[in-house]
$ cat query-v7.cif   # mmCIF, C-alpha atoms
data_input
#
loop_
_atom_site.group_PDB
_atom_site.id
_atom_site.type_symbol
_atom_site.label_atom_id
_atom_site.label_comp_id
_atom_site.auth_asym_id
_atom_site.auth_seq_id
_atom_site.Cartn_x
_atom_site.Cartn_y
_atom_site.Cartn_z
ATOM 1 C CA MET C 1 -89.643 -83.313 -131.156
ATOM 2 C CA LYS C 2 -85.978 -83.319 -130.135
ATOM 3 C CA THR C 3 -86.786 -82.272 -126.584
ATOM 4 C CA ASP C 4 -89.104 -85.269 -126.129
ATOM 5 C CA THR C 5 -86.286 -87.566 -127.209
ATOM 6 C CA LEU C 6 -83.882 -85.954 -124.749
ATOM 7 C CA PHE C 7 -86.332 -86.530 -121.890
ATOM 8 C CA TYR C 8 -86.455 -90.244 -122.529
ATOM 9 C CA ARG C 9 -82.677 -90.406 -123.052
ATOM 10 C CA LEU C 10 -82.283 -88.747 -119.648
ATOM 11 C CA PHE C 11 -84.713 -91.103 -117.913
ATOM 12 C CA GLN C 12 -83.090 -94.125 -119.547
ATOM 13 C CA THR C 13 -79.732 -93.116 -118.074
ATOM 14 C CA TYR C 14 -81.117 -91.821 -114.784
ATOM 15 C CA PRO C 15 -84.493 -93.527 -114.037
ATOM 16 C CA ALA C 16 -84.620 -92.378 -110.412
ATOM 17 C CA LEU C 17 -84.779 -88.751 -111.579
ATOM 18 C CA ALA C 18 -88.404 -89.162 -112.694
ATOM 19 C CA LEU C 19 -89.328 -90.466 -109.248
ATOM 20 C CA GLU C 20 -87.519 -87.575 -107.578
ATOM 21 C CA ALA C 21 -89.218 -84.964 -109.758
ATOM 22 C CA ALA C 22 -92.678 -86.409 -109.014
ATOM 23 C CA GLY C 23 -92.010 -86.875 -105.297
ATOM 24 C CA ILE C 24 -92.500 -90.661 -105.497
ATOM 25 C CA ILE C 25 -90.740 -92.348 -102.572
ATOM 26 C CA VAL C 26 -89.727 -96.002 -102.939
ATOM 27 C CA ALA C 27 -87.275 -98.260 -101.130
ATOM 28 C CA ASP C 28 -84.890 -98.793 -104.063
ATOM 29 C CA PRO C 29 -85.170 -95.986 -106.645
ATOM 30 C CA LYS C 30 -81.828 -96.933 -108.242
ATOM 31 C CA GLY C 31 -83.203 -100.377 -109.059
ATOM 32 C CA TYR C 32 -85.766 -99.054 -111.538
ATOM 33 C CA GLN C 33 -85.277 -99.695 -115.260
ATOM 34 C CA PHE C 34 -86.650 -97.585 -118.115
ATOM 35 C CA GLN C 35 -88.563 -99.392 -120.870
ATOM 36 C CA ALA C 36 -90.749 -98.538 -123.868
ATOM 37 C CA GLU C 37 -93.606 -101.037 -124.066
ATOM 38 C CA GLU C 38 -96.029 -101.624 -126.937
ATOM 39 C CA VAL C 39 -99.543 -103.051 -126.662
ATOM 40 C CA LYS C 40 -99.530 -104.559 -130.150
ATOM 41 C CA GLU C 41 -103.214 -105.417 -130.369
ATOM 42 C CA THR C 42 -104.106 -101.728 -130.160
ATOM 43 C CA ALA C 43 -101.018 -100.135 -131.783
ATOM 44 C CA PHE C 44 -100.550 -98.133 -128.552
ATOM 45 C CA ARG C 45 -96.995 -97.547 -127.415
ATOM 46 C CA LEU C 46 -96.011 -96.471 -123.928
ATOM 47 C CA ASP C 47 -93.281 -93.898 -124.394
ATOM 48 C CA GLY C 48 -91.848 -94.408 -120.932
ATOM 49 C CA LEU C 49 -92.308 -97.073 -118.286
ATOM 50 C CA LEU C 50 -90.201 -97.373 -115.133
ATOM 51 C CA VAL C 51 -90.134 -100.956 -113.873
ATOM 52 C CA PRO C 52 -89.073 -101.612 -110.259
ATOM 53 C CA PRO C 53 -86.614 -104.357 -109.381
ATOM 54 C CA PRO C 54 -88.162 -107.806 -108.736
ATOM 55 C CA THR C 55 -86.884 -107.661 -105.146
ATOM 56 C CA THR C 56 -89.426 -104.894 -104.329
ATOM 57 C CA PRO C 57 -92.826 -106.146 -105.552
ATOM 58 C CA GLU C 58 -94.592 -103.477 -103.491
ATOM 59 C CA ALA C 59 -92.922 -100.680 -105.504
ATOM 60 C CA PRO C 60 -95.118 -99.157 -108.245
ATOM 61 C CA LEU C 61 -94.807 -99.249 -111.986
ATOM 62 C CA VAL C 62 -94.395 -95.649 -113.157
ATOM 63 C CA PHE C 63 -95.838 -94.528 -116.503
ATOM 64 C CA LEU C 64 -94.000 -91.503 -117.962
ATOM 65 C CA GLU C 65 -94.891 -88.924 -120.603
ATOM 66 C CA ALA C 66 -93.107 -85.721 -121.623
ATOM 67 C CA GLN C 67 -95.533 -83.250 -123.227
ATOM 68 C CA MET C 68 -93.578 -80.362 -124.699
ATOM 69 C CA GLN C 69 -96.492 -79.202 -126.852
ATOM 70 C CA GLY C 70 -100.210 -78.964 -126.195
ATOM 71 C CA GLU C 71 -102.321 -81.942 -127.323
ATOM 72 C CA ASP C 72 -106.090 -81.827 -126.914
ATOM 73 C CA ASP C 73 -106.554 -85.606 -126.788
ATOM 74 C CA PHE C 74 -103.473 -86.365 -124.691
ATOM 75 C CA TYR C 75 -105.155 -87.471 -121.462
ATOM 76 C CA GLY C 76 -107.591 -89.732 -123.300
ATOM 77 C CA ARG C 77 -104.748 -91.486 -125.100
ATOM 78 C CA PHE C 78 -102.463 -91.639 -122.065
ATOM 79 C CA CYS C 79 -105.128 -93.075 -119.764
ATOM 80 C CA ALA C 80 -106.187 -95.578 -122.436
ATOM 81 C CA GLU C 81 -102.583 -96.755 -122.818
ATOM 82 C CA ILE C 82 -102.183 -97.163 -119.061
ATOM 83 C CA PHE C 83 -105.356 -99.164 -118.507
ATOM 84 C CA LEU C 84 -104.884 -101.367 -121.552
ATOM 85 C CA TYR C 85 -101.364 -102.142 -120.388
ATOM 86 C CA LEU C 86 -102.587 -102.964 -116.885
ATOM 87 C CA TYR C 87 -105.337 -105.182 -118.314
ATOM 88 C CA ARG C 88 -103.068 -107.139 -120.657
ATOM 89 C CA ARG C 89 -99.578 -107.216 -119.226
ATOM 90 C CA THR C 90 -99.154 -106.385 -115.552
ATOM 91 C CA PRO C 91 -99.362 -108.738 -112.515
ATOM 92 C CA ARG C 92 -102.742 -108.193 -110.865
ATOM 93 C CA HIS C 93 -101.593 -106.811 -107.548
ATOM 94 C CA GLN C 94 -98.761 -104.493 -108.595
ATOM 95 C CA PRO C 95 -99.437 -100.797 -107.839
ATOM 96 C CA TRP C 96 -98.820 -98.051 -110.385
ATOM 97 C CA GLN C 97 -98.374 -94.308 -110.659
ATOM 98 C CA ALA C 98 -98.252 -91.892 -113.592
ATOM 99 C CA VAL C 99 -96.077 -88.824 -114.216
ATOM 100 C CA VAL C 100 -96.522 -86.199 -116.938
ATOM 101 C CA PHE C 101 -93.848 -83.545 -117.534
ATOM 102 C CA TYR C 102 -94.786 -80.140 -118.966
ATOM 103 C CA PRO C 103 -92.445 -77.200 -119.652
ATOM 104 C CA GLN C 104 -95.076 -74.857 -118.173
ATOM 105 C CA ARG C 105 -98.723 -74.933 -117.087
ATOM 106 C CA THR C 106 -99.962 -73.207 -120.246
ATOM 107 C CA THR C 107 -98.874 -76.248 -122.276
ATOM 108 C CA GLU C 108 -101.370 -78.545 -120.562
ATOM 109 C CA ARG C 109 -104.743 -79.217 -122.231
ATOM 110 C CA LEU C 110 -107.210 -80.278 -119.534
ATOM 111 C CA ASP C 111 -110.148 -82.534 -120.349
ATOM 112 C CA ALA C 112 -113.168 -82.618 -118.004
ATOM 113 C CA ARG C 113 -113.679 -86.317 -118.720
ATOM 114 C CA TYR C 114 -110.435 -87.192 -116.944
ATOM 115 C CA THR C 115 -110.245 -84.680 -114.081
ATOM 116 C CA ALA C 116 -111.239 -87.362 -111.558
ATOM 117 C CA LEU C 117 -108.223 -89.440 -112.574
ATOM 118 C CA LEU C 118 -105.901 -86.431 -112.450
ATOM 119 C CA SER C 119 -106.886 -85.807 -108.832
ATOM 120 C CA LEU C 120 -105.725 -89.268 -107.724
ATOM 121 C CA PRO C 121 -102.657 -89.287 -105.399
ATOM 122 C CA GLY C 122 -100.773 -91.473 -107.859
ATOM 123 C CA PHE C 123 -101.212 -89.124 -110.840
ATOM 124 C CA HIS C 124 -98.435 -86.513 -110.913
ATOM 125 C CA ARG C 125 -98.056 -83.475 -113.166
ATOM 126 C CA VAL C 126 -94.619 -81.846 -113.076
ATOM 127 C CA TYR C 127 -94.233 -78.313 -114.475
ATOM 128 C CA LEU C 128 -90.572 -77.627 -115.134
ATOM 129 C CA GLU C 129 -91.059 -73.867 -114.868
ATOM 130 C CA ASP C 130 -91.520 -74.406 -111.115
ATOM 131 C CA LEU C 131 -87.978 -75.738 -110.742
ATOM 132 C CA ALA C 132 -86.576 -72.223 -111.264
ATOM 133 C CA ALA C 133 -88.419 -70.892 -108.213
ATOM 134 C CA HIS C 134 -86.481 -72.859 -105.600
ATOM 135 C CA PRO C 135 -83.084 -74.562 -105.157
ATOM 136 C CA ALA C 136 -83.012 -77.926 -106.890
ATOM 137 C CA THR C 137 -80.894 -81.044 -106.724
ATOM 138 C CA MET C 138 -78.441 -81.810 -109.509
ATOM 139 C CA GLY C 139 -80.931 -84.209 -111.085
ATOM 140 C CA LEU C 140 -83.717 -81.633 -111.206
ATOM 141 C CA GLN C 141 -81.323 -79.088 -112.650
ATOM 142 C CA LEU C 142 -80.661 -81.548 -115.488
ATOM 143 C CA LEU C 143 -84.405 -81.486 -116.207
ATOM 144 C CA ARG C 144 -84.392 -77.674 -116.227
ATOM 145 C CA LEU C 145 -81.590 -77.775 -118.776
ATOM 146 C CA LEU C 146 -84.015 -79.312 -121.296
ATOM 147 C CA VAL C 147 -86.330 -76.282 -121.342
ATOM 148 C CA THR C 148 -84.260 -73.216 -120.387
ATOM 149 C CA GLU C 149 -83.293 -70.520 -122.872
ATOM 150 C CA PRO C 150 -79.947 -71.145 -124.629
ATOM 151 C CA GLU C 151 -78.002 -68.521 -122.664
ATOM 152 C CA GLU C 152 -79.323 -69.809 -119.335
ATOM 153 C CA ALA C 153 -78.727 -73.409 -120.467
ATOM 154 C CA GLN C 154 -75.066 -72.591 -121.020
ATOM 155 C CA GLN C 155 -74.682 -71.080 -117.540
ATOM 156 C CA LEU C 156 -76.607 -73.913 -115.890
ATOM 157 C CA ALA C 157 -74.484 -76.577 -117.608
ATOM 158 C CA GLN C 158 -71.281 -74.866 -116.505
ATOM 159 C CA ARG C 159 -72.601 -74.730 -112.945
ATOM 160 C CA LEU C 160 -73.473 -78.438 -113.003
ATOM 161 C CA VAL C 161 -69.957 -79.393 -114.116
ATOM 162 C CA ARG C 162 -68.373 -77.276 -111.380
ATOM 163 C CA GLN C 163 -70.736 -78.757 -108.805
ATOM 164 C CA ALA C 164 -69.947 -82.305 -109.922
ATOM 165 C CA GLN C 165 -66.199 -81.665 -109.846
ATOM 166 C CA ALA C 166 -66.387 -80.051 -106.393
ATOM 167 C CA ASP C 167 -68.451 -82.820 -104.789
ATOM 168 C CA PRO C 168 -68.178 -86.069 -106.814
ATOM 169 C CA VAL C 169 -69.365 -88.138 -103.840
ATOM 170 C CA ALA C 170 -72.789 -86.460 -104.011
ATOM 171 C CA LEU C 171 -73.377 -87.536 -107.626
ATOM 172 C CA LEU C 172 -76.243 -89.978 -108.117
ATOM 173 C CA LEU C 173 -74.719 -91.215 -111.383
ATOM 174 C CA PRO C 174 -71.082 -91.622 -112.501
ATOM 175 C CA PHE C 175 -69.306 -88.471 -113.656
ATOM 176 C CA PRO C 176 -68.739 -89.889 -117.203
ATOM 177 C CA ASP C 177 -72.507 -90.474 -117.524
ATOM 178 C CA LEU C 178 -73.177 -86.912 -116.411
ATOM 179 C CA LEU C 179 -70.762 -85.618 -119.078
ATOM 180 C CA ASN C 180 -72.490 -87.718 -121.735
ATOM 181 C CA LEU C 181 -75.904 -86.330 -120.776
ATOM 182 C CA LEU C 182 -74.714 -82.725 -120.645
ATOM 183 C CA GLU C 183 -72.978 -82.950 -124.010
ATOM 184 C CA THR C 184 -75.959 -84.634 -125.666
ATOM 185 C CA ILE C 185 -78.434 -82.086 -124.309
ATOM 186 C CA LEU C 186 -76.272 -79.107 -125.284
ATOM 187 C CA VAL C 187 -75.703 -80.406 -128.819
ATOM 188 C CA TYR C 188 -79.475 -80.060 -129.309
ATOM 189 C CA ARG C 189 -79.992 -76.896 -127.250
ATOM 190 C CA LEU C 190 -77.020 -75.035 -128.812
ATOM 191 C CA PRO C 191 -76.933 -76.329 -132.414
ATOM 192 C CA SER C 192 -74.681 -73.502 -133.615
ATOM 193 C CA LEU C 193 -71.791 -74.793 -131.480
ATOM 194 C CA THR C 194 -69.515 -77.677 -132.420
ATOM 195 C CA HIS C 195 -68.873 -80.525 -130.038
ATOM 196 C CA SER C 196 -65.402 -79.160 -129.291
ATOM 197 C CA GLU C 197 -66.823 -75.698 -128.564
ATOM 198 C CA ILE C 198 -69.348 -77.202 -126.136
ATOM 199 C CA GLN C 199 -66.587 -79.059 -124.326
ATOM 200 C CA ALA C 200 -64.537 -75.870 -124.091
ATOM 201 C CA MET C 201 -67.581 -73.945 -122.865
ATOM 202 C CA LEU C 202 -68.029 -76.473 -120.056
ATOM 203 C CA GLY C 203 -64.394 -76.028 -119.076
ATOM 204 C CA LEU C 204 -63.627 -79.735 -119.487
ATOM 205 C CA THR C 205 -59.994 -80.779 -119.382
ATOM 206 C CA HIS C 206 -58.430 -83.556 -121.441
ATOM 207 C CA ALA C 207 -58.547 -85.739 -118.325
ATOM 208 C CA ASP C 208 -62.294 -85.078 -117.977
ATOM 209 C CA LEU C 209 -62.942 -85.959 -121.604
ATOM 210 C CA LYS C 210 -61.070 -89.245 -121.321
ATOM 211 C CA GLN C 211 -63.628 -90.376 -118.730
ATOM 212 C CA SER C 212 -66.591 -89.981 -121.064
ATOM 213 C CA ARG C 213 -68.028 -93.006 -122.883
ATOM 214 C CA PHE C 214 -68.027 -91.038 -126.126
ATOM 215 C CA TYR C 215 -64.268 -90.450 -125.892
ATOM 216 C CA GLN C 216 -63.575 -94.064 -124.977
ATOM 217 C CA GLU C 217 -65.625 -95.364 -127.911
ATOM 218 C CA VAL C 218 -63.953 -93.265 -130.603
ATOM 219 C CA PHE C 219 -60.500 -92.678 -129.140
ATOM 220 C CA GLY C 220 -59.137 -96.169 -129.812
ATOM 221 C CA GLU C 221 -60.196 -96.125 -133.468
ATOM 222 C CA GLY C 222 -58.802 -92.652 -133.943
ATOM 223 C CA GLN C 223 -55.485 -93.752 -132.498
ATOM 224 C CA LYS C 224 -55.198 -96.636 -134.977
ATOM 225 C CA GLU C 225 -55.997 -94.444 -137.976
ATOM 226 C CA GLY C 226 -53.484 -91.805 -136.992
ATOM 227 C CA GLN C 227 -50.465 -93.953 -136.161
ATOM 228 C CA LYS C 228 -48.809 -93.362 -139.554
ATOM 229 C CA GLU C 229 -48.866 -89.583 -139.193
ATOM 230 C CA GLY C 230 -48.157 -89.398 -135.473
ATOM 231 C CA LEU C 231 -50.049 -90.416 -132.381
ATOM 232 C CA GLU C 232 -51.236 -86.946 -131.388
ATOM 233 C CA LYS C 233 -52.575 -86.041 -134.819
ATOM 234 C CA GLY C 234 -54.270 -89.409 -135.208
ATOM 235 C CA GLN C 235 -56.051 -89.126 -131.881
ATOM 236 C CA LYS C 236 -57.436 -85.706 -132.767
ATOM 237 C CA GLU C 237 -58.591 -86.666 -136.258
ATOM 238 C CA GLY C 238 -60.145 -89.929 -135.108
ATOM 239 C CA LEU C 239 -62.030 -88.254 -132.298
ATOM 240 C CA GLU C 240 -63.433 -85.506 -134.545
ATOM 241 C CA LYS C 241 -64.493 -88.030 -137.192
ATOM 242 C CA GLY C 242 -66.175 -90.198 -134.592
ATOM 243 C CA GLN C 243 -67.966 -87.187 -133.163
ATOM 244 C CA ARG C 244 -69.400 -86.156 -136.521
ATOM 245 C CA GLU C 245 -70.465 -89.635 -137.586
ATOM 246 C CA GLY C 246 -71.771 -90.622 -134.160
ATOM 247 C CA LEU C 247 -73.854 -87.472 -133.707
ATOM 248 C CA GLU C 248 -75.260 -87.699 -137.239
ATOM 249 C CA LYS C 249 -76.235 -91.358 -136.810
ATOM 250 C CA GLY C 250 -77.690 -90.762 -133.350
ATOM 251 C CA ARG C 251 -79.804 -87.836 -134.525
ATOM 252 C CA GLN C 252 -81.046 -89.807 -137.536
ATOM 253 C CA GLU C 253 -82.117 -92.776 -135.392
ATOM 254 C CA GLU C 254 -83.818 -90.590 -132.777
ATOM 255 C CA SER C 255 -85.674 -88.608 -135.462
ATOM 256 C CA VAL C 256 -86.843 -91.773 -137.222
ATOM 257 C CA MET C 257 -88.075 -93.380 -133.984
ATOM 258 C CA LEU C 258 -90.046 -90.279 -133.018
ATOM 259 C CA VAL C 259 -91.566 -89.999 -136.524
ATOM 260 C CA LEU C 260 -92.681 -93.637 -136.337
ATOM 261 C CA ARG C 261 -94.211 -93.051 -132.901
ATOM 262 C CA LEU C 262 -96.164 -90.017 -134.126
ATOM 263 C CA LEU C 263 -97.384 -91.832 -137.241
ATOM 264 C CA ARG C 264 -98.535 -94.841 -135.201
ATOM 265 C CA ARG C 265 -100.513 -92.543 -132.960
ATOM 266 C CA ARG C 266 -102.216 -90.967 -135.961
ATOM 267 C CA PHE C 267 -102.759 -93.959 -138.263
ATOM 268 C CA GLY C 268 -102.140 -97.044 -136.125
ATOM 269 C CA ALA C 269 -99.739 -99.819 -137.156
ATOM 270 C CA LEU C 270 -97.863 -99.018 -140.380
ATOM 271 C CA PRO C 271 -97.300 -101.469 -143.271
ATOM 272 C CA SER C 272 -93.858 -103.081 -142.990
ATOM 273 C CA VAL C 273 -92.798 -101.655 -146.364
ATOM 274 C CA GLN C 274 -93.559 -98.103 -145.222
ATOM 275 C CA GLU C 275 -91.775 -98.626 -141.907
ATOM 276 C CA GLU C 276 -88.657 -99.896 -143.698
ATOM 277 C CA ARG C 277 -88.681 -96.857 -145.989
ATOM 278 C CA ILE C 278 -88.982 -94.511 -143.021
ATOM 279 C CA ARG C 279 -86.110 -96.213 -141.193
ATOM 280 C CA SER C 280 -83.896 -95.717 -144.257
ATOM 281 C CA LEU C 281 -84.536 -91.952 -144.444
ATOM 282 C CA SER C 282 -81.638 -89.586 -143.912
ATOM 283 C CA LEU C 283 -81.656 -87.171 -140.986
ATOM 284 C CA ALA C 284 -82.836 -84.300 -143.217
ATOM 285 C CA GLN C 285 -85.600 -86.454 -144.737
ATOM 286 C CA ALA C 286 -86.775 -87.698 -141.318
ATOM 287 C CA GLU C 287 -86.985 -84.137 -140.000
ATOM 288 C CA ALA C 288 -88.870 -83.071 -143.140
ATOM 289 C CA LEU C 289 -91.348 -85.921 -142.618
ATOM 290 C CA ALA C 290 -91.804 -84.913 -138.972
ATOM 291 C CA GLU C 291 -93.023 -81.513 -140.164
ATOM 292 C CA ALA C 292 -95.058 -82.818 -143.095
ATOM 293 C CA LEU C 293 -96.985 -85.436 -141.109
ATOM 294 C CA LEU C 294 -98.691 -82.698 -139.104
ATOM 295 C CA ASP C 295 -100.749 -81.955 -142.229
ATOM 296 C CA PHE C 296 -101.497 -85.584 -143.174
ATOM 297 C CA GLN C 297 -105.169 -86.508 -142.902
ATOM 298 C CA THR C 298 -105.066 -90.039 -144.377
ATOM 299 C CA PRO C 299 -102.530 -92.889 -144.701
ATOM 300 C CA GLY C 300 -102.607 -92.273 -148.437
ATOM 301 C CA GLU C 301 -100.940 -88.893 -147.971
ATOM 302 C CA LEU C 302 -98.098 -90.582 -146.089
ATOM 303 C CA ALA C 303 -97.702 -93.141 -148.882
ATOM 304 C CA ALA C 304 -97.628 -90.383 -151.497
ATOM 305 C CA TRP C 305 -95.003 -88.434 -149.527
ATOM 306 C CA LEU C 306 -92.774 -91.514 -149.225
ATOM 307 C CA ASP C 307 -93.157 -92.315 -152.937
ATOM 308 C CA ASP C 308 -92.233 -88.756 -153.858
ATOM 309 C CA CYS C 309 -89.222 -88.890 -151.528
ATOM 310 C CA TYR C 310 -88.153 -92.309 -152.837
ATOM 311 C CA TYR C 311 -88.291 -91.373 -156.523
ATOM 312 C CA ARG C 312 -87.118 -87.780 -156.156
ATOM 313 C CA PRO C 313 -83.772 -87.356 -157.983
#

$ encode --input "query-v7.cif" --output "structure tokens"
Amino acid sequence: MKTDTLFYRLFQTYPALALEAAGIIVADPKGYQFQAEEVKETAFRLDGLLVPPPTTPEAPLVFLEAQMQGEDDFYGRFCAEIFLYLYRRTPRHQPWQAVVFYPQRTTERLDARYTALLSLPGFHRVYLEDLAAHPATMGLQLLRLLVTEPEEAQQLAQRLVRQAQADPVALLLPFPDLLNLLETILVYRLPSLTHSEIQAMLGLTHADLKQSRFYQEVFGEGQKEGQKEGLEKGQKEGLEKGQREGLEKGRQEESVMLVLRLLRRRFGALPSVQEERIRSLSLAQAEALAEALLDFQTPGELAAWLDDCYYRP
């Protein structure tokens, strides 16, 4: 569940990476924007859609999916979402392509009904296990970081920081954005480490940290809170508080959004009262619901679970 969220966070920050991984060549890859579109009449939601800039109408729409676990009905759902979207929302003459990311080939569940579509030139399946077999660009190494073992993830992240520091001109995204992505990914991949320990592991200096958006967002508030007890102490306390609260809130929102997406896939559109209850769940409750919903067979079981959670002392 968390890995899926990280994929879409990565593509939102770095849309051109999906094109690079799939080998899709367009005139202006940096002009693409990541969106999540919903076809309301069918309760289908496109998890990832890369939209080209209006200045390149010949460039394709790119439908994205990250499948970290096997799903027997995946290709039926994915193809249905694509064609319904094309039917209802897209200009008639705009081309499209589709990209599915798998951690390894054994995760994929093939369906004979859709093999003809999978053989089309515009339908790409990317297996991240293949990235370890040959040298990769910095962007593709970021993708590998999402699925490598924790020890290898640590070494790979350290190598990416050194590479970025040695050749900043070669970066396809600003160094602060790269730091934000690395820190976010490692917080999930290495949950036993604190944020400060991850920063130390990456060998980041105080000057490096000051470039990150996270530091800039929380540093000013921390400085104000700590002025009475000394500037240095206030900066440290404010930063640590912001880290804890920001990470907790971010994880809660990501967990809730993924739970809602999974429930919509299973039961269709949810009643507004249920959706509001789910959005108000704590991080622990949202993660518990993500596990429990795998056993739900009817909407009534979801309602009962929410009632029990709501009234539980």

$ resolve_selection --input "query-v7.cif" --expression "the PyMOL selection byres ((chain C and resi 34) around 6)" --output "ChimeraX atom specification"
/C:12,33,35,49-50

$ atom_distance --input "query-v7.cif" --atom1 "CA of Ile82 (chain C)" --atom2 "CA of Arg266 (chain C)"
18.0 Å

$ atom_distance --input "query-v7.cif" --atom1 "CA of Asp73 (chain C)" --atom2 "CA of Tyr127 (chain C)"
18.9 Å

$ resolve_selection --input "query-v7.cif" --expression "the PyMOL selection byres ((chain C and resi 159) around 12)" --output "PyMOL selection string"
chain C and resi 138+141-142+145+152-158+160-166+182+201-203

$ resolve_selection --input "query-v7.cif" --expression "the PyMOL selection byres ((chain C and resi 90-100) around 9)" --output "PyMOL selection string"
chain C and resi 18-19+22+24+57-67+82+85-89+101-102+121-127

$ atom_distance --input "query-v7.cif" --atom1 "CA of Leu146 (chain C)" --atom2 "CA of Val187 (chain C)"
11.3 Å

$ residues_near_point --input "query-v7.cif" --point "(-99.1, -95.2, -144.4)" --cutoff "7 Å" --atoms "all atoms listed in the file" --output "MDAnalysis selection string"
chainID C and resid 270:271 274 299:300 302:303

$ closest_residue --input "query-v7.cif" --among "C:Gly48, C:Pro29, C:Pro103, C:Pro150" --to "Arg9 (chain C)" --atoms "all atoms listed in the file"
C:Gly48

$ residues_near_point --input "query-v7.cif" --point "(-84.1, -84.8, -120.3)" --cutoff "8 Å" --atoms "only C-alpha atoms" --output "ChimeraX atom specification"
/C:3-11,142-143,145-146,185

$ closest_residue --input "query-v7.cif" --among "C:Val259, C:Ala132, C:Ala269, C:Val26" --to "Ala292 (chain C)" --atoms "all atoms listed in the file"
C:Val259

$ closest_residue --input "query-v7.cif" --among "C:Ala290, C:Ala27, C:Val147, C:Ala116" --to "Cys79 (chain C)" --atoms "only C-alpha atoms"
C:Ala116

$ residues_around --input "query-v7.cif" --residues "region 251-258 of chain C" --least-positions-apart "3" --cutoff "7 Å" --atoms "only C-alpha atoms" --output "VMD selection string"
chain C and resid 5 247 to 248 261 to 262 278 to 279 282 to 283 286 to 287

$ closest_residue --input "query-v7.cif" --among "C:Asp177, C:Asp72, C:Ala80, C:Asp47" --to "Leu260 (chain C)" --atoms "only C-alpha atoms"
C:Asp47
